[in-house]
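Engineer: One structure coming up, written as structure tokens, with questions to follow.
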Amino acid sequence: MGRRIGMRSTAALALAGALLAVLAGIGGARAAEPTGAPTLREIMRHLHHDLSDVHRGLMYEDYSLIARAARSIAEHPPIRVPERRLIEQRLGEETAAFAGLDEEVHDRSLAIAGAARAERLDEIVRHSRSLVDSCVACHQAFRERLRGISGARR
Ligand code: HEC
């Protein structure tokens, strides 16, 4: 009996560890962040700039612009530790859903980059629609609760 409980708490710990690993992985890097790392809001403004470049590239059929912009979305800098903590505090268990949407953005922008390399306009359109869905899904679900977490550097 005691052993079973022991096993269970080990499993629970492993699960908590995995969740933390996912959180630490928001945006990718795990190393200590450089000073001057962008705030969440700055990351978002960059994402928007890159998304506009994807759309510009679509209209001008500039595949290398699309591939570059899409890769830049996929490789956006990680969310800074203090903001990550605030996200966890405010979203609790929903933090996993937040991280999941960030992961979606990552995967969909890589799909755009792949389609751009293959010069497949129709696929670029399809993937960029689903990319926009992921951006907006996160905003609708979480933006209101996370407003202001970027703090003084706004
Ligand atoms: C995992 C959640 C999440 C995803 C995915 C996400 N955003 Fe955001 N975004 C936010 C949050 C939270 C804010 C509010 C930040 C604030 O007000 O400080 C925001 C705000 C913004 C803003 C407004 C910035 C400002 O100056 O007020 C823009 C623009 C933006 N996001 C663009 C994008 C684009 C483009 C994508 C997809 C490529 C995207 N976001 C994907 C969470 C997300």
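Note on naming: chains are A, B, ... as they come in the structure tokens, residues start from 1 per chain, ligands start from 1 in the order shown.
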Which polymer residues have any atom within 12 Å of an atom of Arg108 in chain A, counting only C-alpha atoms, with same-chain residues fewer than 6 positions away left out, as a PDB file with C-alpha atoms, in the first residue's frame?
Structural biologist:
```
ATOM      1  CA  LEU A  51       3.545  37.543 -39.970  1.00  0.00           C
ATOM      2  CA  ALA A  70       8.338  31.991 -40.979  1.00  0.00           C
ATOM      3  CA  ARG A  71      11.594  30.723 -39.493  1.00  0.00           C
ATOM      4  CA  ILE A  73       8.396  33.194 -36.018  1.00  0.00           C
ATOM      5  CA  ALA A  74       9.360  29.592 -35.236  1.00  0.00           C
ATOM      6  CA  GLU A  75      12.546  30.701 -33.499  1.00  0.00           C
ATOM      7  CA  LEU A 101      -0.624  27.201 -28.455  1.00  0.00           C
ATOM      8  CA  ASP A 102       2.942  28.482 -28.540  1.00  0.00           C
ATOM      9  CA  GLY A 114       8.776  24.148 -45.717  1.00  0.00           C
ATOM     10  CA  ALA A 115       6.007  25.088 -48.163  1.00  0.00           C
ATOM     11  CA  GLU A 123       0.156  25.238 -48.956  1.00  0.00           C
ATOM     12  CA  ILE A 124       1.602  28.497 -47.691  1.00  0.00           C
ATOM     13  CA  VAL A 125      -1.903  29.981 -47.677  1.00  0.00           C
ATOM     14  CA  ARG A 126      -3.317  26.964 -45.854  1.00  0.00           C
ATOM     15  CA  HIS A 127      -0.616  26.907 -43.181  1.00  0.00           C
ATOM     16  CA  SER A 128      -0.641  30.648 -42.673  1.00  0.00           C
ATOM     17  CA  ARG A 129      -4.388  30.538 -42.063  1.00  0.00           C
ATOM     18  CA  SER A 130      -3.892  27.968 -39.345  1.00  0.00           C
ATOM     19  CA  LEU A 131      -1.010  30.000 -37.957  1.00  0.00           C
ATOM     20  CA  VAL A 132      -3.301  33.016 -37.603  1.00  0.00           C
ATOM     21  CA  ASP A 133      -5.849  30.725 -35.909  1.00  0.00           C
ATOM     22  CA  SER A 134      -3.221  29.836 -33.270  1.00  0.00           C
ATOM     23  CA  CYS A 135      -2.251  33.480 -32.670  1.00  0.00           C
TER      24      CYS A 135
END
```
Engineer: Using only C-alpha atoms and all ligand atoms, determine which residues fall within 6 Å of ligand 1, then list them as a VMD selection string.
Structural biologist: chain A and resid 41 44 to 45 47 to 48 51 98 to 99 101 to 102 105 132 134 to 135 138 to 139 142 to 143 146 to 150
Engineer: Using only C-alpha atoms, which protein or nucleic acid residues come within 10 Å of Ile66 in chain A? Drop anything in the same chain fewer than 2 positions from it, and give the result as a ChimeraX atom specification.
Structural biologist: /A:50-58,60-64,68-72,109,112-117,119,124
Engineer: Would you please give, as a PyMOL selection string, all residues of range 13-139 of chain A that DSSP assigns to helix (DSSP H, G or I) based on the backbone?
Structural biologist: chain A and resi 13-24+40-60+63-74+81-117+121-139
Engineer: Please provide as an MDAnalysis selection string all residues within 12 Å of Leu40 in chain A, with the sequence filter that same-chain residues fewer than 2 positions apart are discarded (counting only C-alpha atoms).
Structural biologist: chainID A and resid 26:27 37:38 42:47 76:84 86:87 143 146:154
Engineer: Can those selected residues be exported to a file as an mmCIF file, in the first residue's frame so that it contains C-alpha atoms?
Structural biologist:
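File written: out_27.cif
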```
data_model
loop_
_atom_site.group_PDB
_atom_site.id
_atom_site.type_symbol
_atom_site.label_atom_id
_atom_site.label_comp_id
_atom_site.auth_asym_id
_atom_site.auth_seq_id
_atom_site.Cartn_x
_atom_site.Cartn_y
_atom_site.Cartn_z
ATOM 1 C CA ILE A 26 8.256 27.879 -24.113
ATOM 2 C CA GLY A 27 9.994 29.400 -27.081
ATOM 3 C CA ALA A 37 16.010 39.905 -23.662
ATOM 4 C CA PRO A 38 12.719 41.044 -25.183
ATOM 5 C CA GLU A 42 8.163 42.895 -27.724
ATOM 6 C CA ILE A 43 8.160 39.253 -28.815
ATOM 7 C CA MET A 44 4.548 39.704 -29.917
ATOM 8 C CA ARG A 45 5.335 42.818 -31.936
ATOM 9 C CA HIS A 46 8.079 40.908 -33.700
ATOM 10 C CA LEU A 47 5.729 38.020 -34.402
ATOM 11 C CA HIS A 76 11.137 33.583 -31.485
ATOM 12 C CA PRO A 77 13.088 34.243 -28.275
ATOM 13 C CA PRO A 78 11.942 32.494 -25.099
ATOM 14 C CA ILE A 79 9.625 34.273 -22.684
ATOM 15 C CA ARG A 80 11.714 35.745 -19.850
ATOM 16 C CA VAL A 81 11.682 33.926 -16.523
ATOM 17 C CA PRO A 82 9.828 36.625 -14.516
ATOM 18 C CA GLU A 83 7.059 36.738 -17.103
ATOM 19 C CA ARG A 84 6.929 32.952 -17.239
ATOM 20 C CA LEU A 86 3.545 35.434 -13.782
ATOM 21 C CA ILE A 87 1.982 33.386 -16.561
ATOM 22 C CA ARG A 143 -4.582 37.960 -23.416
ATOM 23 C CA LEU A 146 -1.970 38.482 -19.067
ATOM 24 C CA ARG A 147 -2.171 42.147 -19.930
ATOM 25 C CA GLY A 148 0.519 44.164 -18.232
ATOM 26 C CA ILE A 149 2.867 41.297 -17.349
ATOM 27 C CA SER A 150 5.592 42.828 -19.483
ATOM 28 C CA GLY A 151 5.798 45.535 -16.823
ATOM 29 C CA ALA A 152 7.927 48.633 -16.918
ATOM 30 C CA ARG A 153 9.511 48.012 -20.315
ATOM 31 C CA ARG A 154 6.249 48.520 -22.149
#
```
Engineer: At what distance in Å, to one decimal, does CA of Gln140 in chain A lie from CA of Leu121 in chain A?
Structural biologist: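 These two atoms are separated by 28.4 Å.
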Engineer: Figure out the distance between CA of Ala141 in chain A and CA of Glu104 in chain A, please, to one decimal in Å.
Structural biologist: 14.5 Å
Engineer: For CA of His106 in chain A and CA of Leu91 in chain A, determine how far apart the two atoms are, in Å to one decimal place.
Structural biologist: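 About the pair CA of His106 in chain A and CA of Leu91 in chain A: they are 20.8 Å apart.
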